[in-house]
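One file, target.txt, carrying compact mmCIF, C-alpha atoms (C1' of nucleotides):
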# COMPACT_ATOMS: atom_id res chain seq x y z
CA MET A 29 0.00 0.00 0.00
CA VAL A 30 1.47 3.28 -1.08
CA GLY A 31 0.49 6.81 -0.25
CA ARG A 32 -0.53 8.54 2.91
CA PRO A 33 -2.28 6.17 5.29
CA ARG A 34 -5.66 6.98 6.65
CA ASP A 35 -5.71 8.63 10.01
CA GLU A 36 -7.47 6.40 12.51
CA ARG A 37 -8.40 9.42 14.57
CA VAL A 38 -10.38 10.62 11.58
CA ASP A 39 -12.21 7.29 11.48
CA GLN A 40 -13.13 7.60 15.12
CA ALA A 41 -13.98 11.30 14.88
CA ILE A 42 -16.40 10.59 12.03
CA LEU A 43 -18.17 7.79 13.86
CA ALA A 44 -18.33 9.74 17.12
CA ALA A 45 -19.64 12.84 15.38
CA THR A 46 -22.23 10.78 13.53
CA ARG A 47 -23.49 9.30 16.79
CA GLY A 48 -23.56 12.73 18.36
CA VAL A 49 -25.52 14.34 15.55
CA LEU A 50 -27.78 11.31 15.43
CA ALA A 51 -28.62 11.59 19.11
CA GLU A 52 -29.11 15.34 18.92
CA GLN A 53 -30.84 15.82 15.61
CA GLY A 54 -32.24 12.43 14.68
CA TYR A 55 -31.81 10.58 11.43
CA SER A 56 -33.94 12.74 9.18
CA ARG A 57 -32.20 15.94 10.26
CA LEU A 58 -28.72 14.47 10.08
CA THR A 59 -26.72 16.03 7.27
CA VAL A 60 -23.33 14.94 6.05
CA ASP A 61 -22.13 18.52 6.29
CA ALA A 62 -23.11 18.64 9.95
CA VAL A 63 -21.22 15.43 10.64
CA ALA A 64 -18.16 16.75 8.82
CA ALA A 65 -18.29 20.00 10.75
CA ALA A 66 -18.78 18.25 14.10
CA ALA A 67 -15.90 15.92 13.36
CA GLY A 68 -13.65 18.73 12.11
CA VAL A 69 -13.25 16.83 8.88
CA GLY A 70 -13.80 17.45 5.20
CA LYS A 71 -16.72 15.78 3.51
CA ALA A 72 -14.30 14.00 1.19
CA ALA A 73 -12.88 12.14 4.19
CA ILE A 74 -16.37 10.79 4.89
CA TYR A 75 -17.21 9.81 1.35
CA ARG A 76 -13.81 8.19 1.02
CA ARG A 77 -14.97 5.77 3.73
CA TYR A 78 -18.70 5.45 3.15
CA ALA A 79 -20.49 5.40 -0.15
CA SER A 80 -23.55 7.19 1.13
CA LYS A 81 -25.16 8.80 4.12
CA HIS A 82 -27.04 5.56 4.71
CA GLU A 83 -23.85 3.56 5.04
CA LEU A 84 -22.36 6.12 7.36
CA VAL A 85 -25.32 5.98 9.70
CA PHE A 86 -25.40 2.22 9.44
CA ALA A 87 -21.77 1.94 10.45
CA ALA A 88 -22.20 4.37 13.34
CA ALA A 89 -25.42 2.88 14.67
CA VAL A 90 -24.97 -0.83 14.10
CA HIS A 91 -21.27 -1.38 14.41
CA ASP A 92 -21.09 -0.43 18.06
CA VAL A 93 -23.78 -2.94 18.89
CA ASP A 94 -21.84 -6.01 19.79
CA LEU A 95 -24.49 -8.57 20.42
CA GLU A 96 -22.85 -11.22 22.52
CA PRO A 97 -24.64 -14.53 22.65
CA PRO A 98 -25.88 -14.61 26.23
CA PRO A 99 -24.50 -17.58 28.16
CA ASP A 100 -26.70 -20.43 29.25
CA GLY A 101 -28.84 -19.01 32.02
CA GLY A 102 -29.96 -22.39 33.22
CA SER A 103 -33.60 -22.00 32.26
CA LEU A 104 -35.73 -20.71 29.41
CA THR A 105 -36.97 -17.94 31.68
CA ALA A 106 -33.46 -16.78 32.44
CA ASP A 107 -32.38 -17.01 28.80
CA LEU A 108 -35.40 -15.10 27.55
CA THR A 109 -34.97 -12.44 30.20
CA ALA A 110 -31.38 -11.88 29.15
CA LEU A 111 -32.34 -11.85 25.48
CA VAL A 112 -35.17 -9.37 25.88
CA ARG A 113 -33.04 -7.16 28.08
CA GLU A 114 -30.27 -7.13 25.52
CA ILE A 115 -32.54 -6.34 22.59
CA LEU A 116 -34.35 -3.70 24.59
CA ASP A 117 -31.07 -2.07 25.53
CA SER A 118 -29.75 -2.21 21.96
CA LEU A 119 -32.84 -0.66 20.42
CA GLY A 120 -33.39 1.72 23.31
CA ALA A 121 -29.93 3.29 23.21
CA PRO A 122 -30.03 6.91 22.03
CA THR A 123 -28.13 6.22 18.83
CA ALA A 124 -30.26 3.25 17.87
CA ARG A 125 -33.42 5.07 18.85
CA ALA A 126 -32.59 7.85 16.43
CA ALA A 127 -31.30 5.64 13.63
CA ALA A 128 -33.28 2.41 13.58
CA PRO A 129 -36.55 3.56 12.01
CA GLY A 130 -34.74 5.55 9.37
CA LEU A 131 -32.50 2.64 8.47
CA ILE A 132 -35.40 0.24 8.22
CA SER A 133 -37.17 2.76 6.04
CA ASP A 134 -34.16 2.89 3.74
CA PHE A 135 -34.23 -0.87 3.26
CA LEU A 136 -36.98 -0.40 0.71
CA SER A 137 -34.85 1.74 -1.57
CA ASP A 138 -31.50 0.17 -0.77
CA PRO A 139 -31.62 -3.63 -0.72
CA ALA A 140 -27.86 -3.85 -0.28
CA LEU A 141 -28.17 -1.97 3.01
CA ALA A 142 -30.90 -4.37 4.07
CA ASP A 143 -28.70 -7.33 3.24
CA ARG A 144 -25.85 -5.94 5.28
CA PHE A 145 -28.19 -5.33 8.20
CA GLU A 146 -29.35 -8.90 7.88
CA GLU A 147 -25.80 -10.20 8.00
CA THR A 148 -24.43 -7.84 10.60
CA PHE A 149 -27.24 -7.68 13.12
CA LEU A 150 -30.18 -9.94 12.43
CA ALA A 151 -28.14 -13.08 11.81
CA ARG A 152 -26.40 -12.73 15.16
CA GLU A 153 -29.62 -11.98 16.94
CA ARG A 154 -31.31 -14.91 15.28
CA ALA A 155 -28.44 -17.14 16.38
CA CYS A 156 -28.98 -16.01 19.96
CA VAL A 157 -32.67 -16.82 19.75
CA ARG A 158 -31.94 -20.17 18.24
CA ALA A 159 -29.34 -21.00 20.87
CA ALA A 160 -31.80 -20.21 23.65
CA LEU A 161 -34.47 -22.36 22.00
CA ASP A 162 -32.11 -25.27 21.44
CA ARG A 163 -31.12 -25.23 25.07
CA ALA A 164 -34.78 -25.15 26.10
CA VAL A 165 -35.48 -28.16 23.90
CA ALA A 166 -32.48 -29.97 25.36
CA ARG A 167 -33.78 -29.26 28.86
CA GLY A 168 -37.17 -30.58 27.88
CA GLU A 169 -38.84 -27.21 28.50
CA ILE A 170 -40.09 -27.01 24.93
CA GLU A 171 -41.34 -29.74 22.66
CA ALA A 172 -41.76 -28.11 19.29
CA PRO A 173 -39.95 -24.83 18.78
CA PRO A 174 -41.60 -22.54 16.25
CA GLU A 175 -40.03 -21.69 12.96
CA ARG A 176 -36.92 -19.58 13.48
CA ASP A 177 -38.11 -16.27 12.09
CA LEU A 178 -41.43 -16.64 13.89
CA ALA A 179 -39.74 -17.00 17.27
CA HIS A 180 -37.46 -14.13 16.39
CA SER A 181 -40.39 -11.93 15.42
CA LEU A 182 -42.18 -12.80 18.65
CA ILE A 183 -39.35 -11.20 20.63
CA LEU A 184 -38.01 -8.47 18.37
CA GLY A 185 -41.42 -7.35 17.09
CA PRO A 186 -43.04 -6.36 20.37
CA VAL A 187 -39.90 -4.53 21.50
CA PHE A 188 -39.79 -2.61 18.24
CA ALA A 189 -43.48 -1.78 18.37
CA TRP A 190 -43.22 -0.68 21.98
CA LEU A 191 -40.30 1.67 21.39
CA TYR A 192 -40.88 2.98 17.88
CA ILE A 193 -44.56 2.64 17.05
CA PHE A 194 -46.11 3.22 20.47
CA ARG A 195 -43.15 5.45 21.35
CA ARG A 196 -43.08 4.30 24.93
CA GLN A 197 -40.06 4.34 27.18
CA GLU A 198 -38.16 1.34 28.38
CA GLU A 199 -40.11 0.10 31.33
CA GLU A 200 -39.10 -2.60 33.72
CA SER A 201 -42.63 -3.97 33.79
CA PHE A 202 -42.76 -4.27 30.01
CA ALA A 203 -39.60 -6.36 29.87
CA ARG A 204 -40.84 -8.59 32.68
CA ASP A 205 -44.33 -9.10 31.27
CA LEU A 206 -43.07 -9.62 27.73
CA VAL A 207 -40.78 -12.41 28.90
CA VAL A 208 -43.69 -14.12 30.64
CA ARG A 209 -45.91 -13.94 27.57
CA VAL A 210 -43.26 -14.94 25.07
CA GLU A 211 -42.29 -17.87 27.23
CA ALA A 212 -45.90 -19.02 27.29
CA ALA A 213 -46.03 -18.70 23.51
CA LEU A 214 -42.87 -20.76 23.06
CA ARG A 215 -43.78 -23.43 25.57
CA HIS A 216 -47.10 -24.03 23.90
CA THR A 217 -47.16 -27.23 21.88
CA PRO A 218 -49.21 -26.77 18.74
CA VAL A 219 -51.72 -29.47 18.01
CA MET B 6 -67.50 30.40 2.61
CA VAL B 7 -66.83 32.61 -0.37
CA GLY B 8 -64.80 32.01 -3.49
CA ARG B 9 -64.43 29.07 -5.80
CA PRO B 10 -65.02 25.79 -4.01
CA ARG B 11 -62.44 23.06 -4.12
CA ASP B 12 -62.84 20.46 -6.79
CA GLU B 13 -63.42 17.07 -5.21
CA ARG B 14 -62.00 15.39 -8.28
CA VAL B 15 -58.72 17.14 -7.52
CA ASP B 16 -58.83 15.73 -3.98
CA GLN B 17 -59.26 12.23 -5.30
CA ALA B 18 -56.72 12.64 -8.09
CA ILE B 19 -54.09 13.76 -5.59
CA LEU B 20 -54.67 10.83 -3.26
CA ALA B 21 -54.82 8.30 -6.09
CA ALA B 22 -51.64 9.67 -7.64
CA THR B 23 -49.88 9.61 -4.28
CA ARG B 24 -50.77 5.96 -3.79
CA GLY B 25 -49.63 5.18 -7.30
CA VAL B 26 -46.28 6.88 -6.96
CA LEU B 27 -45.88 5.34 -3.52
CA ALA B 28 -46.42 1.84 -4.84
CA GLU B 29 -44.12 2.43 -7.82
CA GLN B 30 -41.31 4.48 -6.36
CA GLY B 31 -41.49 3.98 -2.62
CA TYR B 32 -41.59 6.63 0.06
CA SER B 33 -38.05 7.90 -0.20
CA ARG B 34 -38.27 8.40 -3.95
CA LEU B 35 -41.68 10.01 -3.87
CA THR B 36 -41.55 13.67 -4.83
CA VAL B 37 -44.33 16.19 -4.67
CA ASP B 38 -43.62 17.16 -8.25
CA ALA B 39 -44.11 13.58 -9.37
CA VAL B 40 -47.41 13.38 -7.53
CA ALA B 41 -48.56 16.66 -9.05
CA ALA B 42 -47.59 15.50 -12.53
CA ALA B 43 -49.26 12.10 -12.09
CA ALA B 44 -52.42 13.76 -10.80
CA GLY B 45 -52.39 16.43 -13.51
CA VAL B 46 -52.58 19.19 -10.92
CA GLY B 47 -50.37 22.04 -9.82
CA LYS B 48 -48.24 21.75 -6.73
CA ALA B 49 -50.19 24.59 -5.16
CA ALA B 50 -53.30 22.41 -5.19
CA ILE B 51 -51.43 19.87 -3.08
CA TYR B 52 -49.96 22.33 -0.62
CA ARG B 53 -53.36 23.98 -0.31
CA ARG B 54 -54.56 20.68 1.19
CA TYR B 55 -51.52 19.30 2.98
CA ALA B 56 -48.92 21.24 4.89
CA SER B 57 -46.09 18.92 3.97
CA LYS B 58 -45.12 15.87 2.02
CA HIS B 59 -45.38 13.85 5.23
CA GLU B 60 -49.01 14.80 5.71
CA LEU B 61 -49.80 14.01 2.09
CA VAL B 62 -48.34 10.54 2.38
CA PHE B 63 -50.01 10.05 5.72
CA ALA B 64 -53.40 10.94 4.29
CA ALA B 65 -52.92 8.70 1.27
CA ALA B 66 -51.56 5.71 3.17
CA VAL B 67 -53.53 5.77 6.39
CA HIS B 68 -56.85 7.26 5.43
CA ASP B 69 -57.85 4.45 3.12
CA VAL B 70 -57.26 1.93 5.86
CA ASP B 71 -60.66 1.59 7.39
CA LEU B 72 -60.08 -0.74 10.26
CA GLU B 73 -63.46 -2.17 11.08
CA PRO B 74 -63.74 -3.79 14.48
CA PRO B 75 -64.12 -7.45 13.55
CA PRO B 76 -67.38 -8.94 14.80
CA ASP B 77 -67.48 -11.51 17.55
CA GLY B 78 -66.08 -14.65 16.01
CA GLY B 79 -67.31 -16.85 18.81
CA SER B 80 -63.90 -17.81 20.15
CA LEU B 81 -60.55 -16.23 20.94
CA THR B 82 -59.00 -18.26 18.16
CA ALA B 83 -61.45 -16.91 15.61
CA ASP B 84 -61.12 -13.34 16.87
CA LEU B 85 -57.33 -13.47 16.81
CA THR B 86 -57.29 -14.99 13.36
CA ALA B 87 -59.46 -12.19 12.02
CA LEU B 88 -57.36 -9.57 13.79
CA VAL B 89 -54.03 -10.90 12.55
CA ARG B 90 -55.38 -11.27 9.05
CA GLU B 91 -56.64 -7.70 9.06
CA ILE B 92 -53.40 -6.23 10.37
CA LEU B 93 -51.37 -8.35 7.97
CA ASP B 94 -53.50 -7.19 5.07
CA SER B 95 -53.31 -3.55 6.13
CA LEU B 96 -49.54 -3.52 6.53
CA GLY B 97 -48.96 -5.81 3.57
CA ALA B 98 -50.87 -3.72 1.04
CA PRO B 99 -48.57 -2.12 -1.53
CA THR B 100 -49.27 1.41 -0.36
CA ALA B 101 -48.71 0.63 3.30
CA ARG B 102 -45.66 -1.45 2.46
CA ALA B 103 -44.08 1.53 0.76
CA ALA B 104 -45.18 4.13 3.28
CA ALA B 105 -45.21 2.61 6.75
CA PRO B 106 -41.50 2.51 7.57
CA GLY B 107 -40.99 6.02 6.25
CA LEU B 108 -43.89 7.36 8.28
CA ILE B 109 -42.70 5.68 11.46
CA SER B 110 -39.27 7.11 10.80
CA ASP B 111 -40.76 10.58 10.52
CA PHE B 112 -42.40 10.26 13.94
CA LEU B 113 -39.07 11.11 15.52
CA SER B 114 -38.86 14.50 13.86
CA ASP B 115 -42.58 15.22 13.67
CA PRO B 116 -44.39 14.40 16.92
CA ALA B 117 -47.62 15.89 15.59
CA LEU B 118 -47.62 13.32 12.81
CA ALA B 119 -47.05 10.61 15.38
CA ASP B 120 -49.96 11.86 17.45
CA ARG B 121 -52.25 11.83 14.45
CA PHE B 122 -51.16 8.30 13.62
CA GLU B 123 -51.90 7.33 17.18
CA GLU B 124 -55.39 8.78 16.98
CA THR B 125 -56.20 7.72 13.45
CA PHE B 126 -54.83 4.22 13.33
CA LEU B 127 -53.39 2.89 16.56
CA ALA B 128 -56.34 3.86 18.73
CA ARG B 129 -58.75 1.98 16.49
CA GLU B 130 -56.48 -1.01 16.30
CA ARG B 131 -56.03 -1.00 20.03
CA ALA B 132 -59.80 -0.89 20.48
CA CYS B 133 -60.10 -3.99 18.28
CA VAL B 134 -57.53 -5.82 20.37
CA ARG B 135 -59.24 -4.77 23.56
CA ALA B 136 -62.66 -5.85 22.28
CA ALA B 137 -61.32 -9.29 21.40
CA LEU B 138 -59.70 -9.63 24.81
CA ASP B 139 -62.80 -8.49 26.66
CA ARG B 140 -64.88 -11.07 24.84
CA ALA B 141 -62.34 -13.76 25.68
CA VAL B 142 -62.52 -12.80 29.34
CA ALA B 143 -66.32 -12.86 29.19
CA ARG B 144 -66.18 -16.34 27.68
CA GLY B 145 -63.82 -17.45 30.41
CA GLU B 146 -61.04 -18.20 27.93
CA ILE B 147 -58.68 -15.76 29.61
CA GLU B 148 -58.24 -14.97 33.26
CA ALA B 149 -55.86 -12.04 33.36
CA PRO B 150 -55.49 -10.10 30.12
CA PRO B 151 -52.14 -8.38 29.79
CA GLU B 152 -51.75 -4.67 29.83
CA ARG B 153 -53.32 -3.15 26.71
CA ASP B 154 -50.21 -1.98 24.89
CA LEU B 155 -48.44 -5.23 25.67
CA ALA B 156 -51.18 -7.30 24.05
CA HIS B 157 -51.22 -4.88 21.15
CA SER B 158 -47.47 -5.13 20.72
CA LEU B 159 -47.64 -8.93 20.82
CA ILE B 160 -49.77 -8.90 17.68
CA LEU B 161 -48.66 -5.81 15.77
CA GLY B 162 -44.95 -6.22 16.56
CA PRO B 163 -44.35 -9.64 15.01
CA VAL B 164 -46.30 -8.68 11.89
CA PHE B 165 -44.28 -5.51 11.51
CA ALA B 166 -41.00 -7.33 12.08
CA TRP B 167 -41.95 -10.05 9.64
CA LEU B 168 -42.85 -7.67 6.84
CA TYR B 169 -40.49 -4.76 7.32
CA ILE B 170 -37.46 -5.96 9.26
CA PHE B 171 -37.19 -9.52 7.97
CA ARG B 172 -38.71 -8.37 4.67
CA ARG B 173 -40.62 -11.58 4.19
CA GLN B 174 -43.79 -11.93 2.20
CA GLU B 175 -47.20 -12.54 3.59
CA GLU B 176 -47.35 -16.25 4.16
CA GLU B 177 -50.35 -18.26 5.13
CA SER B 178 -48.29 -20.35 7.53
CA PHE B 179 -46.99 -17.27 9.31
CA ALA B 180 -50.47 -15.95 10.01
CA ARG B 181 -51.63 -19.34 11.22
CA ASP B 182 -48.63 -20.01 13.47
CA LEU B 183 -48.62 -16.48 14.85
CA VAL B 184 -52.24 -16.83 15.93
CA VAL B 185 -51.43 -20.07 17.73
CA ARG B 186 -48.48 -18.58 19.58
CA VAL B 187 -50.18 -15.30 20.46
CA GLU B 188 -53.18 -17.16 21.75
CA ALA B 189 -50.93 -19.23 23.99
CA ALA B 190 -49.32 -16.04 25.25
CA LEU B 191 -52.67 -14.47 26.04
CA ARG B 192 -54.20 -17.54 27.63
CA HIS B 193 -51.29 -17.87 29.98
CA THR B 194 -52.14 -16.80 33.52
CA PRO B 195 -49.17 -15.06 35.11
CA VAL B 196 -48.30 -16.20 38.57
C1' DT C 24 17.11 11.43 -1.52
C1' DC C 25 13.12 11.99 -4.19
C1' DA C 26 9.24 11.01 -7.28
C1' DG C 27 4.73 8.92 -6.95
C1' DT C 28 0.66 7.97 -4.39
C1' DT C 29 -2.83 8.73 -1.07
C1' DT C 30 -4.58 11.35 2.51
C1' DC C 31 -5.97 15.71 4.72
C1' DG C 32 -9.33 20.12 5.46
C1' DG C 33 -11.74 23.30 2.87
C1' DA C 34 -14.56 24.75 -0.61
C1' DA C 35 -16.97 24.82 -4.78
C1' DC C 36 -20.14 22.54 -7.98
C1' DG C 37 -24.46 20.39 -10.41
C1' DA C 38 -28.47 17.96 -9.69
C1' DC C 39 -32.43 17.44 -7.06
C1' DT C 40 -36.37 18.40 -3.64
C1' DT C 41 -39.17 21.21 -0.78
C1' DG C 42 -42.26 24.77 0.04
C1' DT C 43 -43.59 29.55 -1.43
C1' DC C 44 -44.90 32.54 -4.75
C1' DT C 45 -46.67 34.73 -9.03
C1' DC C 46 -49.01 34.43 -13.23
C1' DG C 47 -53.53 34.42 -16.03
C1' DT C 48 -57.90 32.02 -15.80
C1' DA C 49 -62.15 29.79 -13.94
C1' DA C 50 -65.85 29.20 -10.53
C1' DT C 51 -68.70 30.78 -6.76
C1' DA C 52 -70.88 33.87 -3.10
C1' DT C 53 -72.72 38.27 -1.97
C1' DA D 30 -70.82 42.97 -10.78
C1' DT D 31 -67.26 42.46 -7.66
C1' DA D 32 -64.61 40.21 -4.30
C1' DT D 33 -62.75 35.92 -3.13
C1' DT D 34 -61.01 31.55 -3.69
C1' DA D 35 -59.37 27.58 -6.56
C1' DC D 36 -57.17 26.08 -10.74
C1' DG D 37 -52.67 24.54 -13.80
C1' DA D 38 -48.22 25.96 -14.79
C1' DG D 39 -44.03 27.41 -13.68
C1' DA D 40 -40.39 30.45 -11.44
C1' DC D 41 -37.98 30.88 -7.23
C1' DA D 42 -34.93 30.55 -2.82
C1' DA D 43 -33.21 27.49 0.45
C1' DG D 44 -31.19 23.37 1.63
C1' DT D 45 -29.10 18.72 0.81
C1' DC D 46 -26.41 15.14 -1.50
C1' DG D 47 -22.60 13.30 -3.62
C1' DT D 48 -18.64 14.59 -6.62
C1' DT D 49 -14.71 17.05 -7.60
C1' DC D 50 -11.29 20.34 -7.30
C1' DC D 51 -7.39 22.66 -4.55
C1' DG D 52 -2.83 23.11 -2.04
C1' DA D 53 -0.57 20.86 1.68
C1' DA D 54 0.89 16.85 4.32
C1' DA D 55 2.29 11.99 5.07
C1' DC D 56 4.03 7.87 3.57
C1' DT D 57 6.29 4.14 0.22
C1' DG D 58 9.61 2.34 -2.74
C1' DA D 59 13.49 2.93 -5.82
structure tokens encoding of this file:
Amino acid sequence: MVGRPRDERVDQAILAATRGVLAEQGYSRLTVDAVAAAAGVGKAAIYRRYASKHELVFAAAVHDVDLEPPPDGGSLTADLTALVREILDSLGAPTARAAAPGLISDFLSDPALADRFEETFLARERACVRAALDRAVARGEIEAPPERDLAHSLILGPVFAWLYIFRRQEEESFARDLVVRVEAALRHTPV
Amino acid sequence: MVGRPRDERVDQAILAATRGVLAEQGYSRLTVDAVAAAAGVGKAAIYRRYASKHELVFAAAVHDVDLEPPPDGGSLTADLTALVREILDSLGAPTARAAAPGLISDFLSDPALADRFEETFLARERACVRAALDRAVARGEIEAPPERDLAHSLILGPVFAWLYIFRRQEEESFARDLVVRVEAALRHTPV
DNA sequence: TCAGTTTCGGAACGACTTGTCTCGTAATAT
DNA sequence: ATATTACGAGACAAGTCGTTCCGAAACTGA
């Protein structure tokens, strides 16, 4: 590799500034110029790294979400509680709160972005759900686990609706009650 | 009221053109100029009726969704099936499919739009959910119904996630399985 | 050492969209 | 008849995106 190497501080400044503007202004009011100004960086430095505003926001909002597969909690209840808590925290964080609906909206016009979201975030989350279900089956807590995406939607969907459609705050009671209901749904053996 | 009255055909042409452009281009690529051209009207005629592009799309996408409270189906299973089918059809329609994520994304920057959505759509949907739950309690099928928004999120959330986050098509099996799982969640009596 | 390459911040640019406004004209109420 | 409003068409300013230029700086390889 020849030429001047990229400055890592610029990388970090861009991501930090993006998260800052995102939290302050929200996705729809985020402008690339504002990010460049906040980062003390030229716009060229941003577009040299990200092909579009969408990709910039994606990198800033999704990359810092490191979804660790929760360890075996010993019971389906414990596993589900950890899973719901983690998803609720991810989606409830200021950056995600500002970015998530806008990103999902962009999926319609930018399938490549949707694919990357699928690979970067959904696949890992789905693996966590699957791991929890497999353990529950192994323990004998569940007989017939539902289809993967259905189980995933049963957990992710209500959290998303609660935060972004109903626009309600994270509430301890919601997390607790959701776990109880989802567990009942998963334990049920279809006829 | 003095002056020339508004032409109702212009009203309809604007809404029809908006739905057409929405289905063809999607929310993010919809422009007011394109709507005006498709409707054969001037932009002033649009802005005379709607304060912003958001309100235009909202009117076109939400207004035609007339969520009728489903009649008593005789059982919780029947009521839930009708409810899920109706929500799936509403959100799966081409217009809604193109508009919903964009509208929800705009809620962050336009609380007034969010409030109108709450009143126009969510409140009616929530009433349908509540009616179904009340009937189930009256029948003795359910002991302790969950908090309203929780029950609502258990139905709306998975459908939204399925269509807009997982980007999967409407599938008969999904509707059927979701009903089974949601019913199990609702029937469960928390300790 | 030194030419070639790539980066940097800054700034300009064209293309596009939004929302307002001005035309000249048509329809209605008073 | 006159005032008022709506109509289609289009000009307009403001703002944004993504690209492209600039001169300067940083690094590689011969």
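Closest approach to Arg173 (chain B) among B:Ala56, B:Leu88, B:Leu93, B:Ala156: B:Leu93, based on all atoms listed in the file.
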For chain A against chain C, which residues fall within 8 Å using all atoms listed in the file, given as a PDB file with C-alpha atoms, in the coordinates of the input?
ATOM      1  CA  VAL A  30       1.470   3.280  -1.080  1.00  0.00           C
ATOM      2  CA  GLY A  31       0.490   6.810  -0.250  1.00  0.00           C
ATOM      3  CA  ARG A  32      -0.530   8.540   2.910  1.00  0.00           C
ATOM      4  CA  PRO A  33      -2.280   6.170   5.290  1.00  0.00           C
ATOM      5  CA  ARG A  34      -5.660   6.980   6.650  1.00  0.00           C
ATOM      6  CA  VAL A  69     -13.250  16.830   8.880  1.00  0.00           C
ATOM      7  CA  GLY A  70     -13.800  17.450   5.200  1.00  0.00           C
ATOM      8  CA  ALA A  73     -12.880  12.140   4.190  1.00  0.00           C
TER       9      ALA A  73
END
Taking a cut-off of 12 Å and counting all atoms listed in the file, can you build a table that, for each residue of chain D near chain B, reports the nearest atom pair and how far apart they are in Å (one decimal), sorted by chain then residue number, as a tab-separated table?
residue	atom	partner	partner_atom	distance
D:DT31	C1'	B:Gly8	CA	11.5
D:DA32	C1'	B:Gly8	CA	8.2
D:DT33	C1'	B:Gly8	CA	4.4
D:DT34	C1'	B:Gly8	CA	3.8
D:DA35	C1'	B:Arg9	CA	5.3
D:DC36	C1'	B:Ala50	CA	7.7
D:DG37	C1'	B:Gly47	CA	5.2
D:DA38	C1'	B:Gly47	CA	6.7
D:DG39	C1'	B:Gly47	CA	9.2
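With distances taken over all atoms listed in the file, B:Ser33 is the one residue among B:Thr86, B:Ser33, B:Ser95, B:Ser80 lying closest to chain A.
We find CA of Arg181 (chain B) and CA of Val157 (chain A) to be spaced 20.9 Å apart.
For the residues B:Ala119, B:Ala166, B:Val37, B:Ala43, ranking by smallest atom-to-atom distance to chain A using all atoms listed in the file places B:Ala166 first.
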With the input short on atoms, add all heavy atoms back to region 90-94 of chain B and write it as a tab-separated table (two decimals), keeping the file's coordinate frame.
chain	number	residue	atom	x	y	z
B	90	ARG	N	-55.19	-11.38	10.49
B	90	ARG	CA	-55.38	-11.27	9.05
B	90	ARG	C	-55.59	-9.82	8.63
B	90	ARG	O	-55.03	-9.36	7.63
B	90	ARG	CB	-56.61	-12.12	8.64
B	90	ARG	CG	-56.82	-12.25	7.17
B	90	ARG	CD	-55.63	-12.93	6.49
B	90	ARG	NE	-55.16	-14.09	7.23
B	90	ARG	CZ	-55.59	-15.33	7.03
B	90	ARG	NH1	-56.49	-15.58	6.12
B	90	ARG	NH2	-55.10	-16.34	7.73
B	91	GLU	N	-56.35	-9.09	9.42
B	91	GLU	CA	-56.64	-7.70	9.06
B	91	GLU	C	-55.39	-6.83	9.15
B	91	GLU	O	-55.11	-6.02	8.27
B	91	GLU	CB	-57.74	-7.16	9.98
B	91	GLU	CG	-58.26	-5.81	9.52
B	91	GLU	CD	-59.67	-5.56	10.03
B	91	GLU	OE1	-60.39	-6.54	10.31
B	91	GLU	OE2	-60.04	-4.38	10.16
B	92	ILE	N	-54.63	-7.02	10.22
B	92	ILE	CA	-53.40	-6.23	10.37
B	92	ILE	C	-52.39	-6.61	9.30
B	92	ILE	O	-51.73	-5.76	8.70
B	92	ILE	CB	-52.80	-6.43	11.78
B	92	ILE	CG1	-53.75	-5.83	12.82
B	92	ILE	CG2	-51.42	-5.80	11.88
B	92	ILE	CD1	-53.29	-6.02	14.25
B	93	LEU	N	-52.29	-7.89	9.01
B	93	LEU	CA	-51.37	-8.35	7.97
B	93	LEU	C	-51.76	-7.79	6.61
B	93	LEU	O	-50.89	-7.38	5.83
B	93	LEU	CB	-51.37	-9.89	7.94
B	93	LEU	CG	-50.19	-10.62	7.30
B	93	LEU	CD1	-48.87	-10.14	7.87
B	93	LEU	CD2	-50.35	-12.12	7.47
B	94	ASP	N	-53.05	-7.74	6.35
B	94	ASP	CA	-53.50	-7.19	5.07
B	94	ASP	C	-53.25	-5.68	5.00
B	94	ASP	O	-52.82	-5.16	3.97
B	94	ASP	CB	-54.98	-7.50	4.86
B	94	ASP	CG	-55.20	-8.96	4.52
B	94	ASP	OD1	-54.22	-9.65	4.20
B	94	ASP	OD2	-56.36	-9.43	4.58
